[in-house]
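Here the structure is laid out as structure tokens; the discussion comes afterwards.
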Amino acid sequence: SVLSRYENQITILSDYLEEFPETDEPVWILGKQHHLNTDKSKLLLDISARLWFTYRRKFSPIGGTGPSSDAGWGCMLRCGQMMLAQALICRHLGRDWQWEKHKKQPEEYHRILQCFLDRKDCCYSIHQMAQMGVGEGKSIGEWFGPNTVAQVLKKLALFDEWNSLAVYVSMDNTVVIEDIKKMCWSPPQSSGAAHSSAHLHRSALGRSKNTAGFCTGWKPLLLIIPLRLGINHINPVYIDAFKECFKMPQSLGALGGKPNNAYYFIGFLGNELIYLDPHTTQSFVDLEENGTVDDQSFHCQQAPHRMKIMNLDPSVALGFFCKEECDFDSWCSLVQKEILKQQSLRMFELVQKHPPHWPPFIPPSKPEVTTTGAELIESTDKLFELEEEFEILSV
């Protein structure tokens with residue numbers, strides 16, 4: 001009954017929010033500085049370029065018999081999608097990429113968007129996230145917290161060969177440099193045989209050109225740091241350090257909000273946080289025949305929402321993206337300089353070595369799946385190609 005009540009709910013982004021005030025203070029959006037007095041239009045373009053995921057309705061039922069809308073329960077999942085989408089944009093298009101209405105976009109952009117469509121066969125869809133959440137103790141239709149979403153993204157990324165991300169979710173407010181480097185430099189498969197098999201599948205699927213160059217070397221890092229910045233309210237001692245994170249070039253913003261009300265925070269102005277709000281229910285959008293997506297509803301084209309930092313629930317998750325090892329090294333230096341050395345009460349710890357009292361760190365790997373792989377192949381022709389390659393190898 002709760003889900004059916006939300007099914008037809010349509011929340012329109014409100015216009016009552018005041019425009020950005022006249023101020024000389026800079027606005028920070030995901031590592032970029034803007035000045036309202038001189039480049040307000042660039043600021044708004046920068047915000048509208050972020051992929052915006054909201055509640056949707058009328059998609060295929062989750063799990064076949066579950067809800068066909070996530071209105072009322074999926075806001076944190078949508079925020080997790082937005083953070084991950086920003087990482088993928090930085091990965092393939094770069095932080096400075098801009099979106100413009102009706103302008104032709106690169107193929108990578110449409111492929112990124114397809115990862116998040118509300119279909120069971122899209123790797124980061126609401127379907128995949130909700131069902132993966134069951135393993136984290138969350139029933140389908142139950143609200144997620146920031147840490148749960150981080151764990152779900154970490155698991156789903158293991159099945160995403162195209163983006164080939166290493167997802168590290170910190171434990172106990174501690175980021176371990178040694179573990180991250182071990183994970184980002186680890187080979188994609190645990191054994192040579194598995195690697196050969198995976199390469200064969202990629203070749204048969206015509207995907208080798210998309211993954212070439214990313215199977216060896218540093219795997220791009222999505223770093224998520226779940227935090228508790230107070231008991232019932234955010235502790236003011238953390239505010240400066242929290243804001244400092246949005247200034248870092250590696251910033252992916254933060255997941256958080258208020259109890260059962262999640263937002264994707266992308267920047268700040270003074271002591272106000274700027275965020276994208278998923279609490280708008282839109283209709284399901286599917287792939288078009290030419291393989292593109294009508295993307296108008298995936299970009300927020302109105303003035304963004306703002307809230308005072310002191311109104312933030314203390315349970316948050318920071319996100320950062322490091323495409324190369326030098327980006328991670330630079331991030332570590334920034335953390336040491338801007339966050340750790342100036343804080344009496346630290347927001348999180350950054351340590352070089354794996355704590356000896358912790359269990360050994362084992363880089364996550366894709367679970368073994370007993371399947372012929374046929375369900376991954378898009379046509380009978382490609383299935384025949386795969387069989388031919390196996391015959392050649394067996395000879």
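By convention here, the chains of the structure tokens are called A, B, ... in the order presented, each chain's residues are numbered starting at 1, and ligands are numbered starting at 1 in the order presented.
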
Residue contacts of Val176 of chain A (7 Å, only C-alpha atoms) excluding same-chain residues fewer than 3 positions away, as a VMD selection string: chain A and resid 179 to 180 350 to 354

Counting only C-alpha atoms, which residues in segment 48-101 of chain A sit no more than 12 Å from segment 268-280 of chain A? For each one, give the nearest pair of atoms and the distance in Å, sorted by chain then residue number, as a Markdown table.
```
| residue | atom | partner | partner_atom | distance |
| --- | --- | --- | --- | --- |
| A:Ser48 | CA | A:Leu276 | CA | 9.7 |
| A:Ala49 | CA | A:Leu276 | CA | 11.6 |
| A:Arg50 | CA | A:Leu276 | CA | 9.0 |
| A:Leu51 | CA | A:Leu276 | CA | 9.5 |
| A:Trp52 | CA | A:Leu276 | CA | 7.0 |
| A:Phe53 | CA | A:Pro278 | CA | 6.0 |
| A:Thr54 | CA | A:Pro278 | CA | 4.0 |
| A:Tyr55 | CA | A:Thr280 | CA | 5.7 |
| A:Arg56 | CA | A:Thr280 | CA | 8.0 |
| A:Arg57 | CA | A:Thr280 | CA | 10.4 |
| A:Ser69 | CA | A:Thr280 | CA | 11.8 |
| A:Asp70 | CA | A:His279 | CA | 10.2 |
| A:Ala71 | CA | A:His279 | CA | 7.7 |
| A:Gly72 | CA | A:His279 | CA | 8.1 |
| A:Trp73 | CA | A:His279 | CA | 9.8 |
| A:Gly74 | CA | A:Pro278 | CA | 8.6 |
| A:Cys75 | CA | A:Pro278 | CA | 5.7 |
| A:Met76 | CA | A:Pro278 | CA | 8.3 |
| A:Leu77 | CA | A:Pro278 | CA | 9.4 |
| A:Arg78 | CA | A:Pro278 | CA | 6.4 |
| A:Cys79 | CA | A:Pro278 | CA | 7.0 |
| A:Gly80 | CA | A:Pro278 | CA | 10.5 |
| A:Gln81 | CA | A:Pro278 | CA | 10.4 |
| A:Met82 | CA | A:Leu276 | CA | 8.9 |
| A:Met83 | CA | A:Leu276 | CA | 10.6 |
```

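Atom pair atom CA of Gly217 of chain A / atom CA of Ala157 of chain A has a distance of 17.6 Å (rounded to one decimal).
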
Residues near Ile140 of chain A, cut-off 9 Å, only C-alpha atoms, skip fewer than 2 positions along chain, as a list in words: Ile62, Gly63, Gly66, Pro67, Ala130, Gln131, Gly133, Val134, Lys138, Glu142 and Trp143 of chain A

For the residues selected in the previous step, produce a file with all heavy atoms as a PDB file, in the first residue's frame.
```
ATOM      1  N   ILE A  62      11.018  -4.985 -10.214  1.00  0.00           N
ATOM      2  CA  ILE A  62      12.299  -5.481  -9.709  1.00  0.00           C
ATOM      3  C   ILE A  62      12.140  -6.926  -9.253  1.00  0.00           C
ATOM      4  O   ILE A  62      11.226  -7.258  -8.490  1.00  0.00           O
ATOM      5  CB  ILE A  62      12.797  -4.601  -8.544  1.00  0.00           C
ATOM      6  CG1 ILE A  62      13.082  -3.173  -9.052  1.00  0.00           C
ATOM      7  CG2 ILE A  62      14.047  -5.200  -7.896  1.00  0.00           C
ATOM      8  CD1 ILE A  62      13.444  -2.183  -7.974  1.00  0.00           C
ATOM      9  N   GLY A  63      12.993  -7.809  -9.776  1.00  0.00           N
ATOM     10  CA  GLY A  63      12.907  -9.221  -9.439  1.00  0.00           C
ATOM     11  C   GLY A  63      11.733  -9.928 -10.089  1.00  0.00           C
ATOM     12  O   GLY A  63      11.424 -11.068  -9.734  1.00  0.00           O
ATOM     13  N   GLY A  66       8.491  -7.507  -7.987  1.00  0.00           N
ATOM     14  CA  GLY A  66       8.665  -6.433  -7.011  1.00  0.00           C
ATOM     15  C   GLY A  66       8.112  -5.105  -7.497  1.00  0.00           C
ATOM     16  O   GLY A  66       7.330  -5.036  -8.452  1.00  0.00           O
ATOM     17  N   PRO A  67       8.515  -4.015  -6.854  1.00  0.00           N
ATOM     18  CA  PRO A  67       7.983  -2.690  -7.205  1.00  0.00           C
ATOM     19  C   PRO A  67       8.421  -2.251  -8.604  1.00  0.00           C
ATOM     20  O   PRO A  67       9.491  -2.611  -9.091  1.00  0.00           O
ATOM     21  CB  PRO A  67       8.582  -1.777  -6.130  1.00  0.00           C
ATOM     22  CG  PRO A  67       9.780  -2.512  -5.602  1.00  0.00           C
ATOM     23  CD  PRO A  67       9.457  -3.960  -5.729  1.00  0.00           C
ATOM     24  N   ALA A 130      19.160  -2.713  -5.966  1.00  0.00           N
ATOM     25  CA  ALA A 130      18.210  -3.187  -4.955  1.00  0.00           C
ATOM     26  C   ALA A 130      18.423  -4.670  -4.653  1.00  0.00           C
ATOM     27  O   ALA A 130      18.385  -5.093  -3.489  1.00  0.00           O
ATOM     28  CB  ALA A 130      16.777  -2.940  -5.436  1.00  0.00           C
ATOM     29  N   GLN A 131      18.666  -5.461  -5.703  1.00  0.00           N
ATOM     30  CA  GLN A 131      18.835  -6.895  -5.476  1.00  0.00           C
ATOM     31  C   GLN A 131      20.177  -7.210  -4.824  1.00  0.00           C
ATOM     32  O   GLN A 131      20.272  -8.118  -4.006  1.00  0.00           O
ATOM     33  CB  GLN A 131      18.662  -7.655  -6.797  1.00  0.00           C
ATOM     34  CG  GLN A 131      17.213  -7.600  -7.291  1.00  0.00           C
ATOM     35  CD  GLN A 131      16.965  -8.475  -8.504  1.00  0.00           C
ATOM     36  OE1 GLN A 131      17.471  -8.219  -9.583  1.00  0.00           O
ATOM     37  NE2 GLN A 131      16.166  -9.502  -8.320  1.00  0.00           N
ATOM     38  N   GLY A 133      21.546  -5.280  -2.742  1.00  0.00           N
ATOM     39  CA  GLY A 133      21.351  -4.835  -1.365  1.00  0.00           C
ATOM     40  C   GLY A 133      20.778  -5.907  -0.465  1.00  0.00           C
ATOM     41  O   GLY A 133      20.957  -5.854   0.762  1.00  0.00           O
ATOM     42  N   VAL A 134      20.119  -6.908  -1.044  1.00  0.00           N
ATOM     43  CA  VAL A 134      19.573  -8.007  -0.242  1.00  0.00           C
ATOM     44  C   VAL A 134      20.706  -8.714   0.501  1.00  0.00           C
ATOM     45  O   VAL A 134      20.578  -9.101   1.663  1.00  0.00           O
ATOM     46  CB  VAL A 134      18.793  -8.992  -1.133  1.00  0.00           C
ATOM     47  CG1 VAL A 134      18.364 -10.220  -0.334  1.00  0.00           C
ATOM     48  CG2 VAL A 134      17.564  -8.296  -1.732  1.00  0.00           C
ATOM     49  N   LYS A 138      19.337  -5.654   3.256  1.00  0.00           N
ATOM     50  CA  LYS A 138      18.268  -4.709   2.937  1.00  0.00           C
ATOM     51  C   LYS A 138      17.243  -5.359   2.004  1.00  0.00           C
ATOM     52  O   LYS A 138      17.578  -5.822   0.920  1.00  0.00           O
ATOM     53  CB  LYS A 138      18.839  -3.466   2.251  1.00  0.00           C
ATOM     54  CG  LYS A 138      19.789  -2.657   3.126  1.00  0.00           C
ATOM     55  CD  LYS A 138      19.048  -1.981   4.273  1.00  0.00           C
ATOM     56  CE  LYS A 138      19.981  -1.108   5.085  1.00  0.00           C
ATOM     57  NZ  LYS A 138      19.280  -0.455   6.214  1.00  0.00           N
ATOM     58  N   GLU A 142      13.432  -1.243   0.793  1.00  0.00           N
ATOM     59  CA  GLU A 142      13.876  -0.686   2.069  1.00  0.00           C
ATOM     60  C   GLU A 142      14.900   0.415   1.812  1.00  0.00           C
ATOM     61  O   GLU A 142      15.694   0.333   0.874  1.00  0.00           O
ATOM     62  CB  GLU A 142      14.498  -1.792   2.930  1.00  0.00           C
ATOM     63  CG  GLU A 142      14.798  -1.369   4.367  1.00  0.00           C
ATOM     64  CD  GLU A 142      15.323  -2.535   5.210  1.00  0.00           C
ATOM     65  OE1 GLU A 142      15.266  -3.685   4.731  1.00  0.00           O
ATOM     66  OE2 GLU A 142      15.799  -2.274   6.334  1.00  0.00           O
ATOM     67  N   TRP A 143      14.884   1.431   2.679  1.00  0.00           N
ATOM     68  CA  TRP A 143      15.791   2.574   2.508  1.00  0.00           C
ATOM     69  C   TRP A 143      17.219   2.171   2.847  1.00  0.00           C
ATOM     70  O   TRP A 143      17.478   1.445   3.797  1.00  0.00           O
ATOM     71  CB  TRP A 143      15.329   3.720   3.407  1.00  0.00           C
ATOM     72  CG  TRP A 143      15.919   5.042   3.059  1.00  0.00           C
ATOM     73  CD1 TRP A 143      15.473   5.915   2.105  1.00  0.00           C
ATOM     74  CD2 TRP A 143      17.059   5.650   3.659  1.00  0.00           C
ATOM     75  NE1 TRP A 143      16.273   7.028   2.071  1.00  0.00           N
ATOM     76  CE2 TRP A 143      17.261   6.902   3.011  1.00  0.00           C
ATOM     77  CE3 TRP A 143      17.947   5.286   4.666  1.00  0.00           C
ATOM     78  CZ2 TRP A 143      18.289   7.776   3.350  1.00  0.00           C
ATOM     79  CZ3 TRP A 143      18.984   6.145   4.998  1.00  0.00           C
ATOM     80  CH2 TRP A 143      19.147   7.384   4.347  1.00  0.00           C
TER      81      TRP A 143
END
```

Please list as a CSV table (one decimal) with N, CA and C atoms, in the first residue's frame every residue within 12 Å of Phe361 of chain A, counting only C-alpha atoms and excluding residues in the same chain fewer than 2 positions away.
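Saved file selection-v3.csv follows:
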```
chain,number,residue,atom,x,y,z
A,168,TYR,N,37.2,1.1,-3.5
A,168,TYR,CA,37.7,0.9,-2.1
A,168,TYR,C,36.7,1.6,-1.2
A,170,SER,N,36.3,2.5,2.7
A,170,SER,CA,37.2,2.5,3.9
A,170,SER,C,36.4,1.9,5.1
A,171,MET,N,37.2,1.3,6.0
A,171,MET,CA,36.6,0.8,7.3
A,171,MET,C,37.1,1.6,8.5
A,176,VAL,N,43.7,3.1,4.0
A,176,VAL,CA,45.0,2.4,4.1
A,176,VAL,C,45.6,2.5,2.7
A,177,ILE,N,46.7,3.3,2.6
A,177,ILE,CA,47.4,3.5,1.3
A,177,ILE,C,47.9,2.2,0.7
A,178,GLU,N,48.5,1.4,1.5
A,178,GLU,CA,49.1,0.1,1.1
A,178,GLU,C,48.0,-0.8,0.4
A,179,ASP,N,46.8,-0.9,1.1
A,179,ASP,CA,45.7,-1.7,0.5
A,179,ASP,C,45.2,-1.2,-0.8
A,180,ILE,N,45.1,0.1,-0.9
A,180,ILE,CA,44.5,0.7,-2.1
A,180,ILE,C,45.5,0.5,-3.3
A,181,LYS,N,46.8,0.6,-3.0
A,181,LYS,CA,47.8,0.4,-4.1
A,181,LYS,C,47.8,-1.1,-4.5
A,182,LYS,N,47.6,-1.9,-3.5
A,182,LYS,CA,47.6,-3.4,-3.8
A,182,LYS,C,46.4,-3.7,-4.7
A,183,MET,N,45.3,-3.1,-4.4
A,183,MET,CA,44.0,-3.4,-5.2
A,183,MET,C,44.1,-2.8,-6.6
A,353,LYS,N,50.4,1.8,6.2
A,353,LYS,CA,50.4,0.4,6.3
A,353,LYS,C,49.1,-0.2,6.8
A,354,HIS,N,48.8,-1.4,6.4
A,354,HIS,CA,47.6,-2.1,6.9
A,354,HIS,C,47.8,-2.4,8.4
A,355,PRO,N,46.8,-2.0,9.2
A,355,PRO,CA,46.9,-2.2,10.6
A,355,PRO,C,47.0,-3.7,10.9
A,356,PRO,N,48.0,-4.0,11.8
A,356,PRO,CA,48.3,-5.4,12.1
A,356,PRO,C,47.2,-6.2,12.8
A,357,HIS,N,46.3,-5.4,13.5
A,357,HIS,CA,45.2,-6.1,14.2
A,357,HIS,C,44.0,-6.3,13.3
A,358,TRP,N,44.0,-5.8,12.1
A,358,TRP,CA,42.9,-6.1,11.1
A,358,TRP,C,43.1,-7.4,10.4
A,359,PRO,N,42.1,-8.0,9.9
A,359,PRO,CA,42.2,-9.2,9.1
A,359,PRO,C,43.0,-8.8,7.8
A,363,PRO,N,42.3,-8.1,-2.1
A,363,PRO,CA,41.5,-7.4,-3.1
A,363,PRO,C,40.3,-8.1,-3.6
A,364,PRO,N,39.2,-7.5,-3.7
A,364,PRO,CA,37.9,-8.2,-4.1
A,364,PRO,C,38.1,-8.7,-5.5
```

Residues near Ser60 of chain A, cut-off 8 Å, only C-alpha atoms, skip fewer than 2 positions along chain, as a PyMOL selection string: chain A and resi 58+62+64+68+118-119

Selection export as a tab-separated table (two decimals), in the first residue's frame, atoms kept: C-alpha atoms:
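File written: result_26.tsv
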```
chain	number	residue	atom	x	y	z
A	58	LYS	CA	6.66	2.31	-14.70
A	62	ILE	CA	12.30	-5.48	-9.71
A	64	GLY	CA	9.94	-9.85	-11.73
A	68	SER	CA	7.89	-0.88	-10.57
A	118	ASP	CA	16.12	1.19	-15.06
A	119	ARG	CA	16.53	-2.23	-16.65
```

Residue set, segment 5-224 of chain A restricted to helix (DSSP H, G or I), as a ChimeraX atom specification: /A:5-7,36-48,62-64,75-92,107-114,126-134,146-159,177-184,192-204,208-211

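For the residues A:Leu255, A:Met248, A:Val27, A:Ala166, ranking by smallest atom-to-atom distance to Lys40 of chain A using only C-alpha atoms places A:Val27 first.
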
I'd like to know which residues of segment 21-201 of chain A are strand (DSSP E) (by DSSP, run on the backbone); could you write them as a PDB file with all heavy atoms, in the first residue's frame?
```
ATOM      1  N   PRO A  26      33.640  32.446  -3.185  1.00  0.00           N
ATOM      2  CA  PRO A  26      33.664  31.481  -4.291  1.00  0.00           C
ATOM      3  C   PRO A  26      32.682  30.336  -4.053  1.00  0.00           C
ATOM      4  O   PRO A  26      32.340  30.010  -2.910  1.00  0.00           O
ATOM      5  CB  PRO A  26      35.104  30.970  -4.285  1.00  0.00           C
ATOM      6  CG  PRO A  26      35.555  31.132  -2.867  1.00  0.00           C
ATOM      7  CD  PRO A  26      34.860  32.369  -2.354  1.00  0.00           C
ATOM      8  N   VAL A  27      32.222  29.742  -5.144  1.00  0.00           N
ATOM      9  CA  VAL A  27      31.405  28.527  -5.090  1.00  0.00           C
ATOM     10  C   VAL A  27      32.296  27.380  -5.552  1.00  0.00           C
ATOM     11  O   VAL A  27      32.944  27.469  -6.598  1.00  0.00           O
ATOM     12  CB  VAL A  27      30.173  28.630  -6.005  1.00  0.00           C
ATOM     13  CG1 VAL A  27      29.353  27.344  -5.941  1.00  0.00           C
ATOM     14  CG2 VAL A  27      29.314  29.824  -5.618  1.00  0.00           C
ATOM     15  N   TRP A  28      32.330  26.318  -4.786  1.00  0.00           N
ATOM     16  CA  TRP A  28      33.112  25.140  -5.152  1.00  0.00           C
ATOM     17  C   TRP A  28      32.187  24.020  -5.582  1.00  0.00           C
ATOM     18  O   TRP A  28      31.250  23.657  -4.850  1.00  0.00           O
ATOM     19  CB  TRP A  28      33.968  24.675  -3.982  1.00  0.00           C
ATOM     20  CG  TRP A  28      35.149  25.564  -3.725  1.00  0.00           C
ATOM     21  CD1 TRP A  28      35.224  26.634  -2.881  1.00  0.00           C
ATOM     22  CD2 TRP A  28      36.436  25.459  -4.349  1.00  0.00           C
ATOM     23  NE1 TRP A  28      36.473  27.211  -2.932  1.00  0.00           N
ATOM     24  CE2 TRP A  28      37.251  26.502  -3.824  1.00  0.00           C
ATOM     25  CE3 TRP A  28      37.008  24.586  -5.289  1.00  0.00           C
ATOM     26  CZ2 TRP A  28      38.572  26.687  -4.211  1.00  0.00           C
ATOM     27  CZ3 TRP A  28      38.324  24.770  -5.670  1.00  0.00           C
ATOM     28  CH2 TRP A  28      39.093  25.810  -5.138  1.00  0.00           C
ATOM     29  N   ILE A  29      32.428  23.472  -6.780  1.00  0.00           N
ATOM     30  CA  ILE A  29      31.653  22.351  -7.302  1.00  0.00           C
ATOM     31  C   ILE A  29      32.626  21.258  -7.729  1.00  0.00           C
ATOM     32  O   ILE A  29      33.369  21.416  -8.713  1.00  0.00           O
ATOM     33  CB  ILE A  29      30.776  22.755  -8.509  1.00  0.00           C
ATOM     34  CG1 ILE A  29      29.805  23.862  -8.125  1.00  0.00           C
ATOM     35  CG2 ILE A  29      30.034  21.530  -9.072  1.00  0.00           C
ATOM     36  CD1 ILE A  29      28.711  23.446  -7.169  1.00  0.00           C
ATOM     37  N   LYS A  32      36.121  22.304  -8.608  1.00  0.00           N
ATOM     38  CA  LYS A  32      36.278  23.487  -9.450  1.00  0.00           C
ATOM     39  C   LYS A  32      35.716  24.717  -8.745  1.00  0.00           C
ATOM     40  O   LYS A  32      34.638  24.663  -8.148  1.00  0.00           O
ATOM     41  CB  LYS A  32      35.570  23.299 -10.795  1.00  0.00           C
ATOM     42  CG  LYS A  32      36.241  22.318 -11.709  1.00  0.00           C
ATOM     43  CD  LYS A  32      35.621  22.325 -13.097  1.00  0.00           C
ATOM     44  CE  LYS A  32      36.003  23.572 -13.866  1.00  0.00           C
ATOM     45  NZ  LYS A  32      35.558  23.498 -15.285  1.00  0.00           N
ATOM     46  N   GLN A  33      36.426  25.818  -8.861  1.00  0.00           N
ATOM     47  CA  GLN A  33      36.011  27.066  -8.222  1.00  0.00           C
ATOM     48  C   GLN A  33      35.290  27.953  -9.236  1.00  0.00           C
ATOM     49  O   GLN A  33      35.725  28.097 -10.379  1.00  0.00           O
ATOM     50  CB  GLN A  33      37.234  27.799  -7.672  1.00  0.00           C
ATOM     51  CG  GLN A  33      36.902  29.031  -6.844  1.00  0.00           C
ATOM     52  CD  GLN A  33      38.157  29.721  -6.337  1.00  0.00           C
ATOM     53  OE1 GLN A  33      39.136  29.858  -7.057  1.00  0.00           O
ATOM     54  NE2 GLN A  33      38.134  30.152  -5.082  1.00  0.00           N
ATOM     55  N   HIS A  34      34.179  28.544  -8.792  1.00  0.00           N
ATOM     56  CA  HIS A  34      33.413  29.475  -9.623  1.00  0.00           C
ATOM     57  C   HIS A  34      33.197  30.765  -8.839  1.00  0.00           C
ATOM     58  O   HIS A  34      33.103  30.744  -7.612  1.00  0.00           O
ATOM     59  CB  HIS A  34      32.052  28.887 -10.005  1.00  0.00           C
ATOM     60  CG  HIS A  34      32.137  27.656 -10.851  1.00  0.00           C
ATOM     61  ND1 HIS A  34      32.272  27.688 -12.224  1.00  0.00           N
ATOM     62  CD2 HIS A  34      32.097  26.338 -10.520  1.00  0.00           C
ATOM     63  CE1 HIS A  34      32.305  26.460 -12.704  1.00  0.00           C
ATOM     64  NE2 HIS A  34      32.198  25.621 -11.681  1.00  0.00           N
ATOM     65  N   HIS A  35      33.085  31.861  -9.577  1.00  0.00           N
ATOM     66  CA  HIS A  35      32.797  33.150  -8.958  1.00  0.00           C
ATOM     67  C   HIS A  35      31.474  33.676  -9.507  1.00  0.00           C
ATOM     68  O   HIS A  35      31.323  33.871 -10.716  1.00  0.00           O
ATOM     69  CB  HIS A  35      33.929  34.144  -9.229  1.00  0.00           C
ATOM     70  CG  HIS A  35      35.217  33.745  -8.572  1.00  0.00           C
ATOM     71  ND1 HIS A  35      35.475  33.994  -7.229  1.00  0.00           N
ATOM     72  CD2 HIS A  35      36.309  33.094  -9.053  1.00  0.00           C
ATOM     73  CE1 HIS A  35      36.668  33.521  -6.921  1.00  0.00           C
ATOM     74  NE2 HIS A  35      37.194  32.977  -8.011  1.00  0.00           N
ATOM     75  N   ARG A  56      11.946   6.988 -10.425  1.00  0.00           N
ATOM     76  CA  ARG A  56      11.284   6.700 -11.703  1.00  0.00           C
ATOM     77  C   ARG A  56      10.084   5.782 -11.435  1.00  0.00           C
ATOM     78  O   ARG A  56      10.019   5.101 -10.413  1.00  0.00           O
ATOM     79  CB  ARG A  56      12.248   6.015 -12.679  1.00  0.00           C
ATOM     80  CG  ARG A  56      13.438   6.866 -13.101  1.00  0.00           C
ATOM     81  CD  ARG A  56      13.111   7.797 -14.232  1.00  0.00           C
ATOM     82  NE  ARG A  56      14.222   8.714 -14.524  1.00  0.00           N
ATOM     83  CZ  ARG A  56      14.257   9.527 -15.572  1.00  0.00           C
ATOM     84  NH1 ARG A  56      13.239   9.543 -16.430  1.00  0.00           N
ATOM     85  NH2 ARG A  56      15.274  10.338 -15.761  1.00  0.00           N
ATOM     86  N   ARG A  57       9.187   5.766 -12.367  1.00  0.00           N
ATOM     87  CA  ARG A  57       8.016   4.895 -12.257  1.00  0.00           C
ATOM     88  C   ARG A  57       7.783   4.187 -13.588  1.00  0.00           C
ATOM     89  O   ARG A  57       8.282   4.618 -14.631  1.00  0.00           O
ATOM     90  CB  ARG A  57       6.767   5.699 -11.871  1.00  0.00           C
ATOM     91  CG  ARG A  57       6.340   6.731 -12.895  1.00  0.00           C
ATOM     92  CD  ARG A  57       5.121   7.518 -12.385  1.00  0.00           C
ATOM     93  NE  ARG A  57       4.587   8.402 -13.420  1.00  0.00           N
ATOM     94  CZ  ARG A  57       5.079   9.591 -13.710  1.00  0.00           C
ATOM     95  NH1 ARG A  57       6.131  10.054 -13.050  1.00  0.00           N
ATOM     96  NH2 ARG A  57       4.536  10.324 -14.664  1.00  0.00           N
ATOM     97  N   ALA A 166      38.424   0.070  -9.627  1.00  0.00           N
ATOM     98  CA  ALA A 166      38.733  -0.506  -8.318  1.00  0.00           C
ATOM     99  C   ALA A 166      37.973   0.326  -7.294  1.00  0.00           C
ATOM    100  O   ALA A 166      38.195   1.529  -7.180  1.00  0.00           O
ATOM    101  CB  ALA A 166      40.234  -0.448  -8.056  1.00  0.00           C
ATOM    102  N   VAL A 167      37.045  -0.277  -6.583  1.00  0.00           N
ATOM    103  CA  VAL A 167      36.233   0.446  -5.604  1.00  0.00           C
ATOM    104  C   VAL A 167      36.710   0.081  -4.203  1.00  0.00           C
ATOM    105  O   VAL A 167      36.672  -1.084  -3.801  1.00  0.00           O
ATOM    106  CB  VAL A 167      34.730   0.127  -5.765  1.00  0.00           C
ATOM    107  CG1 VAL A 167      33.905   0.919  -4.749  1.00  0.00           C
ATOM    108  CG2 VAL A 167      34.265   0.451  -7.187  1.00  0.00           C
ATOM    109  N   TYR A 168      37.165   1.096  -3.485  1.00  0.00           N
ATOM    110  CA  TYR A 168      37.651   0.904  -2.120  1.00  0.00           C
ATOM    111  C   TYR A 168      36.723   1.642  -1.173  1.00  0.00           C
ATOM    112  O   TYR A 168      36.513   2.853  -1.307  1.00  0.00           O
ATOM    113  CB  TYR A 168      39.079   1.455  -1.986  1.00  0.00           C
ATOM    114  CG  TYR A 168      39.679   1.323  -0.596  1.00  0.00           C
ATOM    115  CD1 TYR A 168      40.445   0.210  -0.253  1.00  0.00           C
ATOM    116  CD2 TYR A 168      39.513   2.320   0.358  1.00  0.00           C
ATOM    117  CE1 TYR A 168      41.024   0.094   1.015  1.00  0.00           C
ATOM    118  CE2 TYR A 168      40.081   2.218   1.624  1.00  0.00           C
ATOM    119  CZ  TYR A 168      40.834   1.095   1.948  1.00  0.00           C
ATOM    120  OH  TYR A 168      41.394   0.993   3.198  1.00  0.00           O
ATOM    121  N   VAL A 169      36.149   0.908  -0.225  1.00  0.00           N
ATOM    122  CA  VAL A 169      35.287   1.501   0.800  1.00  0.00           C
ATOM    123  C   VAL A 169      36.027   1.389   2.122  1.00  0.00           C
ATOM    124  O   VAL A 169      36.347   0.286   2.586  1.00  0.00           O
ATOM    125  CB  VAL A 169      33.925   0.792   0.888  1.00  0.00           C
ATOM    126  CG1 VAL A 169      33.039   1.462   1.935  1.00  0.00           C
ATOM    127  CG2 VAL A 169      33.229   0.801  -0.475  1.00  0.00           C
ATOM    128  N   THR A 174      39.198   4.797   8.375  1.00  0.00           N
ATOM    129  CA  THR A 174      40.628   4.690   8.074  1.00  0.00           C
ATOM    130  C   THR A 174      40.839   4.309   6.614  1.00  0.00           C
ATOM    131  O   THR A 174      40.288   3.302   6.141  1.00  0.00           O
ATOM    132  CB  THR A 174      41.299   3.637   8.984  1.00  0.00           C
ATOM    133  OG1 THR A 174      41.055   3.990  10.356  1.00  0.00           O
ATOM    134  CG2 THR A 174      42.792   3.574   8.732  1.00  0.00           C
ATOM    135  N   VAL A 175      41.641   5.100   5.911  1.00  0.00           N
ATOM    136  CA  VAL A 175      42.030   4.813   4.532  1.00  0.00           C
ATOM    137  C   VAL A 175      43.462   4.290   4.564  1.00  0.00           C
ATOM    138  O   VAL A 175      44.359   4.950   5.084  1.00  0.00           O
ATOM    139  CB  VAL A 175      41.946   6.078   3.656  1.00  0.00           C
ATOM    140  CG1 VAL A 175      42.440   5.791   2.239  1.00  0.00           C
ATOM    141  CG2 VAL A 175      40.511   6.612   3.624  1.00  0.00           C
ATOM    142  N   VAL A 176      43.680   3.092   4.017  1.00  0.00           N
ATOM    143  CA  VAL A 176      44.988   2.438   4.062  1.00  0.00           C
ATOM    144  C   VAL A 176      45.638   2.517   2.681  1.00  0.00           C
ATOM    145  O   VAL A 176      45.170   1.887   1.731  1.00  0.00           O
ATOM    146  CB  VAL A 176      44.866   0.973   4.519  1.00  0.00           C
ATOM    147  CG1 VAL A 176      46.247   0.329   4.628  1.00  0.00           C
ATOM    148  CG2 VAL A 176      44.110   0.877   5.840  1.00  0.00           C
TER     149      VAL A 176
END
```

Nearest to Pro61 of chain A by atom-to-atom distance, counting only C-alpha atoms, from A:Lys154, A:His127, A:Lys337, A:Lys247: A:His127
